[in-house]
file entry26.tsv (TSV, C-alpha atoms)
chain	number	residue	atom	x	y	z
A	1	MET	CA	41.97	-3.14	-28.45
A	2	ASN	CA	39.35	-4.60	-26.18
A	3	PRO	CA	37.58	-7.79	-27.25
A	4	ASP	CA	33.82	-7.77	-27.62
A	5	ILE	CA	32.11	-7.67	-24.27
A	6	ILE	CA	28.97	-9.77	-24.10
A	7	LEU	CA	25.82	-8.05	-22.84
A	8	PRO	CA	23.99	-10.82	-21.01
A	9	PRO	CA	20.25	-11.07	-20.30
A	10	GLN	CA	18.87	-8.76	-17.63
A	11	VAL	CA	16.19	-9.22	-15.01
A	12	ALA	CA	14.35	-6.37	-13.32
A	13	TRP	CA	14.22	-7.28	-9.64
A	14	ALA	CA	11.09	-5.20	-9.03
A	15	SER	CA	8.99	-6.98	-11.65
A	16	GLY	CA	10.79	-10.09	-12.87
A	17	ALA	CA	10.76	-8.79	-16.44
A	18	PHE	CA	13.59	-10.14	-18.60
A	19	ALA	CA	15.38	-8.14	-21.26
A	20	ASN	CA	17.99	-9.04	-23.85
A	21	GLY	CA	17.49	-12.76	-23.50
A	22	PRO	CA	16.22	-15.57	-25.70
A	23	LEU	CA	12.93	-16.15	-23.91
A	24	ILE	CA	10.52	-19.05	-23.77
A	25	ARG	CA	7.05	-18.09	-22.52
A	26	LYS	CA	4.25	-20.40	-21.44
A	27	ALA	CA	0.86	-19.46	-20.07
A	28	THR	CA	-1.24	-21.76	-17.87
A	29	ARG	CA	-4.97	-21.08	-18.00
A	30	VAL	CA	-7.95	-22.00	-15.88
A	31	GLY	CA	-8.87	-24.70	-18.38
A	32	ASP	CA	-5.46	-26.34	-18.02
A	33	LEU	CA	-5.84	-26.86	-14.27
A	34	THR	CA	-8.26	-29.76	-14.12
A	35	GLY	CA	-8.59	-31.10	-10.59
A	36	VAL	CA	-6.30	-28.50	-9.05
A	37	PHE	CA	-8.86	-26.36	-7.20
A	38	SER	CA	-11.20	-27.80	-4.61
A	39	ASP	CA	-14.36	-26.04	-5.79
A	40	THR	CA	-15.02	-27.88	-9.05
A	41	LEU	CA	-18.25	-26.03	-9.78
A	42	ALA	CA	-16.61	-22.61	-9.40
A	43	TRP	CA	-13.81	-23.80	-11.66
A	44	GLN	CA	-16.22	-24.99	-14.33
A	45	GLN	CA	-18.02	-21.65	-14.31
A	46	ARG	CA	-14.85	-19.71	-15.10
A	47	ASP	CA	-13.64	-18.80	-18.57
A	48	PRO	CA	-11.13	-21.56	-19.35
A	49	ASN	CA	-9.00	-19.05	-21.25
A	50	ASP	CA	-8.30	-16.90	-18.19
A	51	VAL	CA	-4.57	-16.97	-17.49
A	52	VAL	CA	-3.70	-18.10	-13.96
A	53	TYR	CA	0.07	-17.82	-14.37
A	54	HIS	CA	2.76	-17.58	-16.97
A	55	VAL	CA	6.39	-18.53	-16.89
A	56	GLU	CA	9.20	-16.82	-18.77
A	57	MET	CA	12.51	-18.62	-18.89
A	58	LEU	CA	15.81	-18.02	-20.58
A	59	ASP	CA	16.41	-20.47	-23.39
A	60	SER	CA	19.79	-22.00	-22.63
A	61	THR	CA	21.71	-25.23	-22.93
A	62	ALA	CA	19.96	-28.27	-21.50
A	63	ASP	CA	23.19	-30.18	-21.01
A	64	ALA	CA	23.51	-32.23	-17.82
A	65	GLY	CA	24.87	-30.02	-15.05
A	66	ALA	CA	23.47	-26.81	-16.54
A	67	LEU	CA	20.94	-24.61	-14.77
A	68	TYR	CA	17.80	-22.88	-16.02
A	69	VAL	CA	16.60	-19.42	-14.95
A	70	GLY	CA	12.94	-18.42	-15.13
A	71	VAL	CA	10.29	-16.25	-13.54
A	72	THR	CA	6.76	-17.33	-12.63
A	73	HIS	CA	4.15	-14.58	-12.69
A	74	LEU	CA	1.14	-15.86	-10.72
A	75	ASN	CA	-1.89	-13.63	-11.09
A	76	ALA	CA	-4.01	-12.55	-8.15
A	77	GLY	CA	-7.36	-14.27	-8.06
A	78	LYS	CA	-9.44	-17.08	-6.61
A	79	ILE	CA	-11.43	-20.07	-7.76
A	80	GLY	CA	-14.28	-20.09	-5.28
A	81	ASP	CA	-12.49	-19.05	-2.08
A	82	GLU	CA	-9.23	-20.77	-2.98
A	83	PHE	CA	-6.35	-18.58	-4.06
A	84	TYR	CA	-4.75	-18.91	-7.46
A	85	MET	CA	-1.79	-21.27	-7.35
A	86	THR	CA	0.58	-23.06	-9.67
A	87	ARG	CA	-0.02	-26.69	-10.49
A	88	GLY	CA	2.96	-27.67	-8.37
A	89	HIS	CA	5.21	-30.63	-8.94
A	90	PHE	CA	7.92	-32.96	-7.82
A	91	HIS	CA	10.93	-33.06	-10.06
A	92	LYS	CA	11.01	-36.11	-12.28
A	93	GLN	CA	14.51	-36.62	-10.92
A	94	ARG	CA	13.33	-36.44	-7.32
A	95	GLU	CA	16.72	-35.61	-5.84
A	96	GLN	CA	17.10	-32.38	-7.82
A	97	GLY	CA	16.52	-29.20	-5.83
A	98	GLU	CA	15.58	-25.68	-6.88
A	99	VAL	CA	15.89	-22.14	-5.58
A	100	TYR	CA	13.06	-19.59	-5.60
A	101	PHE	CA	13.42	-15.89	-4.90
A	102	GLY	CA	10.43	-13.64	-4.19
A	103	LEU	CA	10.48	-10.57	-6.46
A	104	SER	CA	7.12	-8.84	-6.14
A	105	GLY	CA	3.75	-9.52	-4.59
A	106	GLU	CA	2.97	-11.60	-1.53
A	107	GLY	CA	2.25	-15.26	-1.22
A	108	LEU	CA	3.22	-18.66	0.05
A	109	LEU	CA	5.45	-21.44	-1.15
A	110	LEU	CA	3.92	-24.82	-0.32
A	111	LEU	CA	6.52	-27.55	0.08
A	112	GLN	CA	5.73	-31.23	0.52
A	113	THR	CA	7.90	-34.26	1.05
A	114	GLU	CA	7.36	-37.66	-0.50
A	115	GLN	CA	5.99	-38.75	2.89
A	116	GLY	CA	3.26	-36.11	2.56
A	117	GLU	CA	4.57	-33.66	5.15
A	118	ALA	CA	3.71	-30.14	4.03
A	119	ARG	CA	5.01	-26.75	5.14
A	120	LEU	CA	4.55	-23.15	4.05
A	121	GLU	CA	7.15	-20.43	3.53
A	122	ARG	CA	6.25	-16.78	3.17
A	123	VAL	CA	7.15	-15.36	-0.25
A	124	ALA	CA	7.87	-11.64	-0.40
A	125	PRO	CA	10.33	-9.41	-2.26
A	126	GLY	CA	13.83	-10.71	-1.51
A	127	SER	CA	12.76	-13.98	0.11
A	128	VAL	CA	15.12	-16.89	-0.61
A	129	HIS	CA	13.71	-20.42	-0.75
A	130	ILE	CA	16.15	-23.27	-1.02
A	131	ILE	CA	13.95	-26.18	-2.02
A	132	PRO	CA	15.78	-29.33	-0.96
A	133	PRO	CA	15.89	-32.62	-2.85
A	134	PHE	CA	12.78	-34.85	-2.83
A	135	THR	CA	10.41	-31.91	-2.20
A	136	ALA	CA	7.38	-30.88	-4.25
A	137	HIS	CA	6.66	-27.16	-4.56
A	138	ARG	CA	3.70	-24.91	-5.41
A	139	LEU	CA	3.26	-21.12	-5.33
A	140	ILE	CA	0.08	-19.59	-3.91
A	141	ASN	CA	-0.85	-15.93	-4.40
A	142	THR	CA	-2.52	-14.68	-1.22
A	143	GLY	CA	-2.25	-11.03	-2.23
A	144	THR	CA	-3.97	-8.56	-4.51
A	145	GLU	CA	-1.21	-8.13	-7.09
A	146	THR	CA	0.77	-10.53	-9.28
A	147	LEU	CA	3.19	-12.73	-7.35
A	148	SER	CA	6.46	-12.92	-9.28
A	149	SER	CA	9.17	-15.36	-8.28
A	150	LEU	CA	12.54	-16.07	-9.87
A	151	ALA	CA	13.67	-19.70	-10.00
A	152	VAL	CA	16.95	-21.47	-10.73
A	153	TRP	CA	16.78	-25.22	-11.32
A	154	PRO	CA	18.88	-27.97	-12.85
A	155	THR	CA	18.08	-28.71	-16.49
A	156	VAL	CA	18.01	-32.43	-15.72
A	157	ALA	CA	15.32	-32.04	-13.03
A	158	GLY	CA	12.24	-32.43	-15.21
A	159	HIS	CA	8.67	-32.29	-13.90
A	160	ASP	CA	6.35	-34.91	-12.47
A	161	TYR	CA	2.87	-33.44	-12.15
A	162	ALA	CA	1.13	-36.79	-11.84
A	163	ALA	CA	2.40	-37.71	-8.37
A	164	LEU	CA	0.37	-34.89	-6.77
A	165	ALA	CA	-2.53	-34.78	-9.20
A	166	GLY	CA	-4.78	-35.59	-6.25
A	167	GLY	CA	-3.62	-32.45	-4.46
A	168	PHE	CA	-1.15	-31.33	-1.85
A	169	ALA	CA	-1.83	-31.85	1.87
A	170	LEU	CA	-2.66	-28.18	2.48
A	171	ARG	CA	-4.88	-25.66	0.71
A	172	VAL	CA	-5.12	-21.91	1.25
A	173	PHE	CA	-8.40	-20.01	1.14
A	174	ALA	CA	-9.49	-16.42	1.57
A	175	SER	CA	-11.02	-15.75	4.99
A	176	ASP	CA	-12.23	-12.82	7.07
A	177	SER	CA	-8.72	-12.46	8.52
A	178	GLY	CA	-7.04	-12.58	5.10
A	179	TRP	CA	-6.36	-16.24	4.50
A	180	GLU	CA	-6.58	-19.57	6.21
A	181	VAL	CA	-4.94	-22.91	5.68
A	182	ARG	CA	-6.99	-26.09	5.51
A	183	HIS	CA	-5.95	-29.66	5.21
A	184	GLY	CA	-6.59	-30.86	1.65
B	1	MET	CA	-6.06	-22.27	12.91
B	2	ASN	CA	-3.20	-21.55	10.54
B	3	PRO	CA	-0.05	-23.62	10.83
B	4	ASP	CA	3.25	-21.90	11.45
B	5	ILE	CA	4.45	-20.04	8.40
B	6	ILE	CA	8.20	-20.22	7.88
B	7	LEU	CA	10.03	-16.92	7.41
B	8	PRO	CA	12.84	-17.81	5.01
B	9	PRO	CA	16.17	-16.02	4.53
B	10	GLN	CA	16.06	-12.68	2.74
B	11	VAL	CA	18.42	-11.02	0.31
B	12	ALA	CA	18.51	-7.28	-0.36
B	13	TRP	CA	18.80	-6.93	-4.14
B	14	ALA	CA	20.47	-3.53	-3.89
B	15	SER	CA	23.36	-4.73	-1.73
B	16	GLY	CA	23.39	-8.51	-1.58
B	17	ALA	CA	23.05	-8.45	2.20
B	18	PHE	CA	21.39	-11.53	3.67
B	19	ALA	CA	19.06	-11.49	6.65
B	20	ASN	CA	17.41	-14.24	8.66
B	21	GLY	CA	19.64	-16.97	7.32
B	22	PRO	CA	22.25	-19.32	8.71
B	23	LEU	CA	25.28	-17.69	7.08
B	24	ILE	CA	28.77	-18.90	6.30
B	25	ARG	CA	31.24	-16.07	5.65
B	26	LYS	CA	34.70	-16.33	4.17
B	27	ALA	CA	37.11	-13.52	3.37
B	28	THR	CA	39.89	-13.78	0.78
B	29	ARG	CA	42.83	-11.46	1.38
B	30	VAL	CA	45.71	-10.18	-0.68
B	31	GLY	CA	48.00	-12.69	1.00
B	32	ASP	CA	45.77	-15.60	-0.06
B	33	LEU	CA	46.09	-14.76	-3.76
B	34	THR	CA	49.59	-15.97	-4.55
B	35	GLY	CA	50.26	-15.92	-8.28
B	36	VAL	CA	46.90	-14.43	-9.19
B	37	PHE	CA	47.94	-10.89	-10.15
B	38	SER	CA	50.50	-10.22	-12.86
B	39	ASP	CA	52.49	-7.57	-11.00
B	40	THR	CA	54.17	-9.70	-8.35
B	41	LEU	CA	56.17	-6.82	-6.90
B	42	ALA	CA	53.07	-4.68	-6.41
B	43	TRP	CA	51.35	-7.65	-4.80
B	44	GLN	CA	54.24	-8.23	-2.38
B	45	GLN	CA	54.19	-4.60	-1.32
B	46	ARG	CA	50.55	-4.74	-0.27
B	47	ASP	CA	49.33	-5.57	3.23
B	48	PRO	CA	48.54	-9.29	2.99
B	49	ASN	CA	45.60	-8.76	5.37
B	50	ASP	CA	43.72	-6.46	3.00
B	51	VAL	CA	40.45	-8.11	2.03
B	52	VAL	CA	39.96	-8.46	-1.73
B	53	TYR	CA	36.58	-10.16	-1.55
B	54	HIS	CA	34.32	-11.98	0.80
B	55	VAL	CA	31.60	-14.51	0.19
B	56	GLU	CA	28.48	-14.99	2.26
B	57	MET	CA	26.47	-18.12	1.62
B	58	LEU	CA	23.41	-19.70	3.15
B	59	ASP	CA	24.29	-22.80	5.09
B	60	SER	CA	22.02	-25.49	3.68
B	61	THR	CA	21.91	-29.18	2.91
B	62	ALA	CA	24.81	-30.46	0.82
B	63	ASP	CA	22.89	-33.48	-0.41
B	64	ALA	CA	23.35	-34.41	-4.07
B	65	GLY	CA	20.88	-32.45	-6.20
B	66	ALA	CA	20.67	-29.53	-3.76
B	67	LEU	CA	21.68	-25.98	-4.65
B	68	TYR	CA	23.67	-23.39	-2.73
B	69	VAL	CA	22.98	-19.65	-2.67
B	70	GLY	CA	25.70	-17.10	-1.95
B	71	VAL	CA	26.86	-13.57	-2.65
B	72	THR	CA	30.38	-12.51	-3.57
B	73	HIS	CA	31.34	-8.98	-2.53
B	74	LEU	CA	34.43	-8.03	-4.56
B	75	ASN	CA	36.03	-4.82	-3.34
B	76	ALA	CA	37.11	-2.06	-5.69
B	77	GLY	CA	40.87	-1.84	-6.02
B	78	LYS	CA	43.93	-2.76	-8.04
B	79	ILE	CA	47.20	-4.62	-7.63
B	80	GLY	CA	49.50	-2.53	-9.80
B	81	ASP	CA	47.20	-1.63	-12.70
B	82	GLU	CA	45.25	-4.89	-12.57
B	83	PHE	CA	41.76	-4.76	-11.13
B	84	TYR	CA	40.78	-6.79	-8.11
B	85	MET	CA	39.33	-10.13	-9.10
B	86	THR	CA	38.31	-13.41	-7.57
B	87	ARG	CA	40.65	-16.37	-7.77
B	88	GLY	CA	38.36	-18.02	-10.29
B	89	HIS	CA	37.87	-21.72	-10.75
B	90	PHE	CA	36.56	-24.64	-12.67
B	91	HIS	CA	34.14	-26.82	-10.79
B	92	LYS	CA	35.70	-30.02	-9.54
B	93	GLN	CA	32.80	-31.75	-11.24
B	94	ARG	CA	33.47	-29.99	-14.54
B	95	GLU	CA	30.00	-30.53	-15.98
B	96	GLN	CA	28.27	-28.60	-13.19
B	97	GLY	CA	27.09	-25.12	-14.16
B	98	GLU	CA	26.28	-22.06	-12.09
B	99	VAL	CA	24.20	-18.89	-12.36
B	100	TYR	CA	25.46	-15.42	-11.40
B	101	PHE	CA	23.30	-12.33	-11.04
B	102	GLY	CA	24.77	-8.83	-10.85
B	103	LEU	CA	23.40	-6.96	-7.83
B	104	SER	CA	25.49	-3.81	-7.38
B	105	GLY	CA	28.63	-2.31	-8.81
B	106	GLU	CA	30.08	-2.77	-12.27
B	107	GLY	CA	32.46	-5.38	-13.55
B	108	LEU	CA	33.16	-8.29	-15.80
B	109	LEU	CA	32.64	-12.02	-15.59
B	110	LEU	CA	35.53	-13.84	-17.25
B	111	LEU	CA	34.57	-17.25	-18.58
B	112	GLN	CA	36.99	-19.79	-19.99
B	113	THR	CA	36.53	-23.20	-21.53
B	114	GLU	CA	38.75	-26.20	-20.96
B	115	GLN	CA	40.23	-25.48	-24.41
B	116	GLY	CA	41.37	-22.08	-23.14
B	117	GLU	CA	38.82	-19.95	-25.02
B	118	ALA	CA	37.95	-16.92	-22.88
B	119	ARG	CA	35.10	-14.43	-23.10
B	120	LEU	CA	33.86	-11.54	-20.98
B	121	GLU	CA	30.32	-10.67	-19.92
B	122	ARG	CA	29.36	-7.31	-18.49
B	123	VAL	CA	28.16	-7.54	-14.87
B	124	ALA	CA	25.74	-4.84	-13.73
B	125	PRO	CA	22.66	-4.72	-11.51
B	126	GLY	CA	20.17	-7.28	-12.85
B	127	SER	CA	22.57	-9.00	-15.25
B	128	VAL	CA	21.97	-12.76	-15.57
B	129	HIS	CA	24.91	-15.05	-16.31
B	130	ILE	CA	24.17	-18.67	-17.05
B	131	ILE	CA	27.58	-20.30	-16.75
B	132	PRO	CA	27.41	-23.49	-18.80
B	133	PRO	CA	29.05	-26.81	-17.94
B	134	PHE	CA	32.85	-27.14	-18.34
B	135	THR	CA	33.44	-23.39	-17.94
B	136	ALA	CA	35.75	-21.65	-15.46
B	137	HIS	CA	34.60	-18.31	-14.05
B	138	ARG	CA	36.15	-15.25	-12.40
B	139	LEU	CA	34.71	-11.88	-11.36
B	140	ILE	CA	36.64	-8.67	-12.04
B	141	ASN	CA	35.72	-5.34	-10.47
B	142	THR	CA	36.32	-2.57	-13.02
B	143	GLY	CA	34.39	0.02	-11.03
B	144	THR	CA	34.89	2.25	-8.04
B	145	GLU	CA	32.47	0.54	-5.66
B	146	THR	CA	32.06	-3.02	-4.40
B	147	LEU	CA	30.87	-5.47	-7.05
B	148	SER	CA	28.26	-7.76	-5.49
B	149	SER	CA	27.00	-10.80	-7.34
B	150	LEU	CA	24.52	-13.47	-6.28
B	151	ALA	CA	25.29	-17.05	-7.27
B	152	VAL	CA	23.35	-20.31	-7.32
B	153	TRP	CA	25.33	-23.50	-7.81
B	154	PRO	CA	24.96	-27.24	-7.27
B	155	THR	CA	26.29	-28.48	-3.94
B	156	VAL	CA	28.09	-31.31	-5.72
B	157	ALA	CA	30.05	-28.93	-7.99
B	158	GLY	CA	33.09	-28.41	-5.78
B	159	HIS	CA	36.03	-26.19	-6.74
B	160	ASP	CA	39.21	-26.84	-8.67
B	161	TYR	CA	41.51	-23.84	-8.30
B	162	ALA	CA	44.62	-25.68	-9.43
B	163	ALA	CA	43.69	-26.07	-13.09
B	164	LEU	CA	43.98	-22.31	-13.66
B	165	ALA	CA	46.64	-21.49	-11.08
B	166	GLY	CA	48.76	-20.24	-13.98
B	167	GLY	CA	46.12	-17.69	-14.89
B	168	PHE	CA	43.21	-17.22	-17.25
B	169	ALA	CA	43.79	-16.29	-20.91
B	170	LEU	CA	42.69	-12.66	-20.39
B	171	ARG	CA	43.55	-10.00	-17.81
B	172	VAL	CA	41.90	-6.62	-17.24
B	173	PHE	CA	43.86	-3.48	-16.36
B	174	ALA	CA	43.04	0.14	-15.67
B	175	SER	CA	43.79	2.40	-18.63
B	176	ASP	CA	43.24	5.99	-19.69
B	177	SER	CA	39.91	5.01	-21.25
B	178	GLY	CA	38.78	3.12	-18.13
B	179	TRP	CA	39.98	-0.42	-18.64
B	180	GLU	CA	41.65	-2.57	-21.21
B	181	VAL	CA	41.90	-6.30	-21.76
B	182	ARG	CA	45.23	-7.97	-22.35
B	183	HIS	CA	46.07	-11.53	-23.17
B	184	GLY	CA	47.44	-13.23	-20.08

call {"tool": "encode", "arguments": {"input": "entry26.tsv", "output": "structure tokens"}}
result
Amino acid sequence: MNPDIILPPQVAWASGAFANGPLIRKATRVGDLTGVFSDTLAWQQRDPNDVVYHVEMLDSTADAGALYVGVTHLNAGKIGDEFYMTRGHFHKQREQGEVYFGLSGEGLLLLQTEQGEARLERVAPGSVHIIPPFTAHRLINTGTETLSSLAVWPTVAGHDYAALAGGFALRVFASDSGWEVRHG
Amino acid sequence: MNPDIILPPQVAWASGAFANGPLIRKATRVGDLTGVFSDTLAWQQRDPNDVVYHVEMLDSTADAGALYVGVTHLNAGKIGDEFYMTRGHFHKQREQGEVYFGLSGEGLLLLQTEQGEARLERVAPGSVHIIPPFTAHRLINTGTETLSSLAVWPTVAGHDYAALAGGFALRVFASDSGWEVRHG
């Protein structure tokens, strides 16, 4: 007789939707993102309850050495001319890396070292982003649909949002040609 | 003027094929798998050059805290009545976890603790397997096509194949009803 076979959680590659998993869900709204967007007046005029992004992650062991799996769904939109983006962070344990995979939508992954050097990687379905140690990361939705990205990260990594509260070195705005990058 | 946008590696979810990445590729053949399959005579009669599985991984920094990304392509086949499987291993750093995602094909992920407790998870397209710390893991292809599975694991994890050289606690064989599990 066969033993019980475990049916694990599932992810739909086309949407990032999880099934069959113990999920934790957190929404981040306009009102949560104080100081993130450059156009403060445009930010103040928006409904603070508008959701900018939400994260769904599988609730799993947080033991040292374990890995988390989650999906960020970053809505399409702008504050002023600046595209919706995640808050972005260094890991509290700076040496811990992360991997992002693009699932749906189009956007950019903004990476920045502790020395302030920034670079942009194109996020698209199937893109693989190996975020090295000591590197802050932020998603930016330059498209017209939700940007969904799967992430795997060490449970011990933690988040440090304060180090870049003053902003990353680059910002991305809508322009006549689609989008343009400006120095923050 | 926009700065250069980096085009990262890509993975095709339907096949596990990588593009645009610095790849490392390693094949494991029948002749490499001494002592892995229960039917030694059947194993000896096979061409030792037949590939059982191959792994493609993105060549990236091995610094502590970094993560690797790779895909295992486990061919369909049997040695005697026992399905093709990977060698399986504990991590050398036992506390390091790993995440597997099923991409194509059908199979099982065999997990085993240091106390010898084994369990099986069903691997199918979109399945998510969070392998906790201190847990050995082996893929088994119970289907008729290649089983491809994406993995993310810490660069510091390493491999310890010796600890389970005598075999896992469970084995999976073809049977009239498809497959059956036997105690090793």

call {"tool": "closest_residue", "arguments": {"input": "entry26.tsv", "among": "A:Glu56, A:Glu82, A:Asp50, A:Glu98", "to": "chain B", "atoms": "all atoms listed in the file"}}
result
A:Glu98

call {"tool": "closest_residue", "arguments": {"input": "entry26.tsv", "among": "B:Val172, B:Leu58, B:Ala27, B:Ile140", "to": "B:Pro8", "atoms": "only C-alpha atoms"}}
result
B:Leu58

call {"tool": "interface_residues", "arguments": {"input": "entry26.tsv", "of": "chain A", "to": "chain B", "cutoff": "8 Å", "atoms": "all atoms listed in the file", "output": "MDAnalysis selection string"}}
result
chainID A and resid 1:13 60:61 63:69 95:99 119:122 126:133 152 180:182

call {"tool": "atom_distance", "arguments": {"input": "entry26.tsv", "atom1": "atom CA of A:Gly88", "atom2": "atom CA of A:Leu23"}}
result
21.8 Å

call {"tool": "residues_around", "arguments": {"input": "entry26.tsv", "residues": "B:Leu164", "least_positions_apart": "2", "cutoff": "8 Å", "atoms": "all atoms listed in the file", "output": "PyMOL selection string"}}
result
chain B and resi 88-90+161-162+166-168

call {"tool": "atom_distance", "arguments": {"input": "entry26.tsv", "atom1": "atom CA of A:His159", "atom2": "atom CA of A:His73"}}
result
18.3 Å

call {"tool": "closest_residue", "arguments": {"input": "entry26.tsv", "among": "B:Val71, B:Ala169, B:Ala42, B:Met85", "to": "B:Glu114", "atoms": "all atoms listed in the file"}}
result
B:Ala169

call {"tool": "closest_residue", "arguments": {"input": "entry26.tsv", "among": "B:Thr34, B:Thr135, B:Asn141, B:Ser15", "to": "B:Ala174", "atoms": "only C-alpha atoms"}}
result
B:Asn141

call {"tool": "closest_residue", "arguments": {"input": "entry26.tsv", "among": "A:Glu106, A:Asp39, A:Asp81, A:Asp47", "to": "A:Glu145", "atoms": "all atoms listed in the file"}}
result
A:Glu106

call {"tool": "atom_distance", "arguments": {"input": "entry26.tsv", "atom1": "atom CA of A:Ala118", "atom2": "atom CA of A:Arg29"}}
result
25.4 Å

call {"tool": "residues_near_point", "arguments": {"input": "entry26.tsv", "point": "(5.0, -17.3, -14.0)", "cutoff": "6 Å", "atoms": "only C-alpha atoms", "output": "ChimeraX atom specification"}}
result
/A:53-55,71-74

call {"tool": "closest_residue", "arguments": {"input": "entry26.tsv", "among": "B:Leu41, B:Leu150, B:Met57, B:Leu111", "to": "B:Ile24", "atoms": "only C-alpha atoms"}}
result
B:Met57

call {"tool": "residues_around", "arguments": {"input": "entry26.tsv", "residues": "B:Ile79", "least_positions_apart": "6", "cutoff": "9 Å", "atoms": "only C-alpha atoms", "output": "PyMOL selection string"}}
result
chain B and resi 37-40+42-43+46

call {"tool": "decode", "arguments": {"input": "entry26.tsv", "residues": "stretch 142-161 of chain B", "atoms": "N, CA and C atoms", "output": "JSON list (two decimals), in the first residue's frame"}}
result
[["chain", "number", "residue", "atom", "x", "y", "z"],
["B", 142, "THR", "N", 8.22, 9.44, -12.03],
["B", 142, "THR", "CA", 7.24, 8.36, -12.16],
["B", 142, "THR", "C", 6.47, 8.44, -13.47],
["B", 143, "GLY", "N", 6.83, 9.38, -14.32],
["B", 143, "GLY", "CA", 6.06, 9.61, -15.54],
["B", 143, "GLY", "C", 6.75, 9.07, -16.78],
["B", 144, "THR", "N", 6.25, 9.51, -17.91],
["B", 144, "THR", "CA", 6.76, 9.03, -19.19],
["B", 144, "THR", "C", 7.52, 10.11, -19.95],
["B", 145, "GLU", "N", 7.60, 11.31, -19.36],
["B", 145, "GLU", "CA", 8.40, 12.37, -19.98],
["B", 145, "GLU", "C", 9.41, 12.90, -18.97],
["B", 146, "THR", "N", 10.31, 13.74, -19.43],
["B", 146, "THR", "CA", 11.33, 14.30, -18.54],
["B", 146, "THR", "C", 10.68, 15.10, -17.41],
["B", 147, "LEU", "N", 11.15, 14.89, -16.20],
["B", 147, "LEU", "CA", 10.70, 15.67, -15.04],
["B", 147, "LEU", "C", 11.70, 16.81, -14.86],
["B", 148, "SER", "N", 11.21, 18.04, -15.01],
["B", 148, "SER", "CA", 12.09, 19.20, -14.87],
["B", 148, "SER", "C", 11.66, 20.00, -13.66],
["B", 149, "SER", "N", 12.63, 20.34, -12.83],
["B", 149, "SER", "CA", 12.34, 21.03, -11.57],
["B", 149, "SER", "C", 13.35, 22.12, -11.34],
["B", 150, "LEU", "N", 12.86, 23.32, -11.06],
["B", 150, "LEU", "CA", 13.71, 24.47, -10.75],
["B", 150, "LEU", "C", 14.05, 24.47, -9.27],
["B", 151, "ALA", "N", 15.29, 24.78, -8.94],
["B", 151, "ALA", "CA", 15.69, 24.84, -7.54],
["B", 151, "ALA", "C", 16.41, 26.15, -7.24],
["B", 152, "VAL", "N", 16.22, 26.61, -6.02],
["B", 152, "VAL", "CA", 16.95, 27.76, -5.47],
["B", 152, "VAL", "C", 17.55, 27.30, -4.15],
["B", 153, "TRP", "N", 18.86, 27.48, -4.01],
["B", 153, "TRP", "CA", 19.50, 27.00, -2.78],
["B", 153, "TRP", "C", 20.69, 27.90, -2.42],
["B", 154, "PRO", "N", 21.00, 27.95, -1.13],
["B", 154, "PRO", "CA", 22.10, 28.80, -0.68],
["B", 154, "PRO", "C", 23.45, 28.28, -1.18],
["B", 155, "THR", "N", 24.29, 29.19, -1.62],
["B", 155, "THR", "CA", 25.60, 28.78, -2.15],
["B", 155, "THR", "C", 26.44, 28.08, -1.09],
["B", 156, "VAL", "N", 26.21, 28.39, 0.16],
["B", 156, "VAL", "CA", 27.01, 27.77, 1.23],
["B", 156, "VAL", "C", 26.56, 26.36, 1.57],
["B", 157, "ALA", "N", 25.43, 25.91, 1.00],
["B", 157, "ALA", "CA", 24.83, 24.64, 1.44],
["B", 157, "ALA", "C", 25.78, 23.45, 1.24],
["B", 158, "GLY", "N", 26.34, 23.34, 0.04],
["B", 158, "GLY", "CA", 27.19, 22.19, -0.25],
["B", 158, "GLY", "C", 26.36, 20.91, -0.35],
["B", 159, "HIS", "N", 27.03, 19.80, -0.64],
["B", 159, "HIS", "CA", 26.35, 18.51, -0.80],
["B", 159, "HIS", "C", 27.06, 17.45, 0.02],
["B", 160, "ASP", "N", 26.29, 16.60, 0.64],
["B", 160, "ASP", "CA", 26.84, 15.43, 1.33],
["B", 160, "ASP", "C", 26.10, 14.21, 0.80],
["B", 161, "TYR", "N", 26.73, 13.53, -0.16],
["B", 161, "TYR", "CA", 26.10, 12.35, -0.76],
["B", 161, "TYR", "C", 26.37, 11.10, 0.07]]
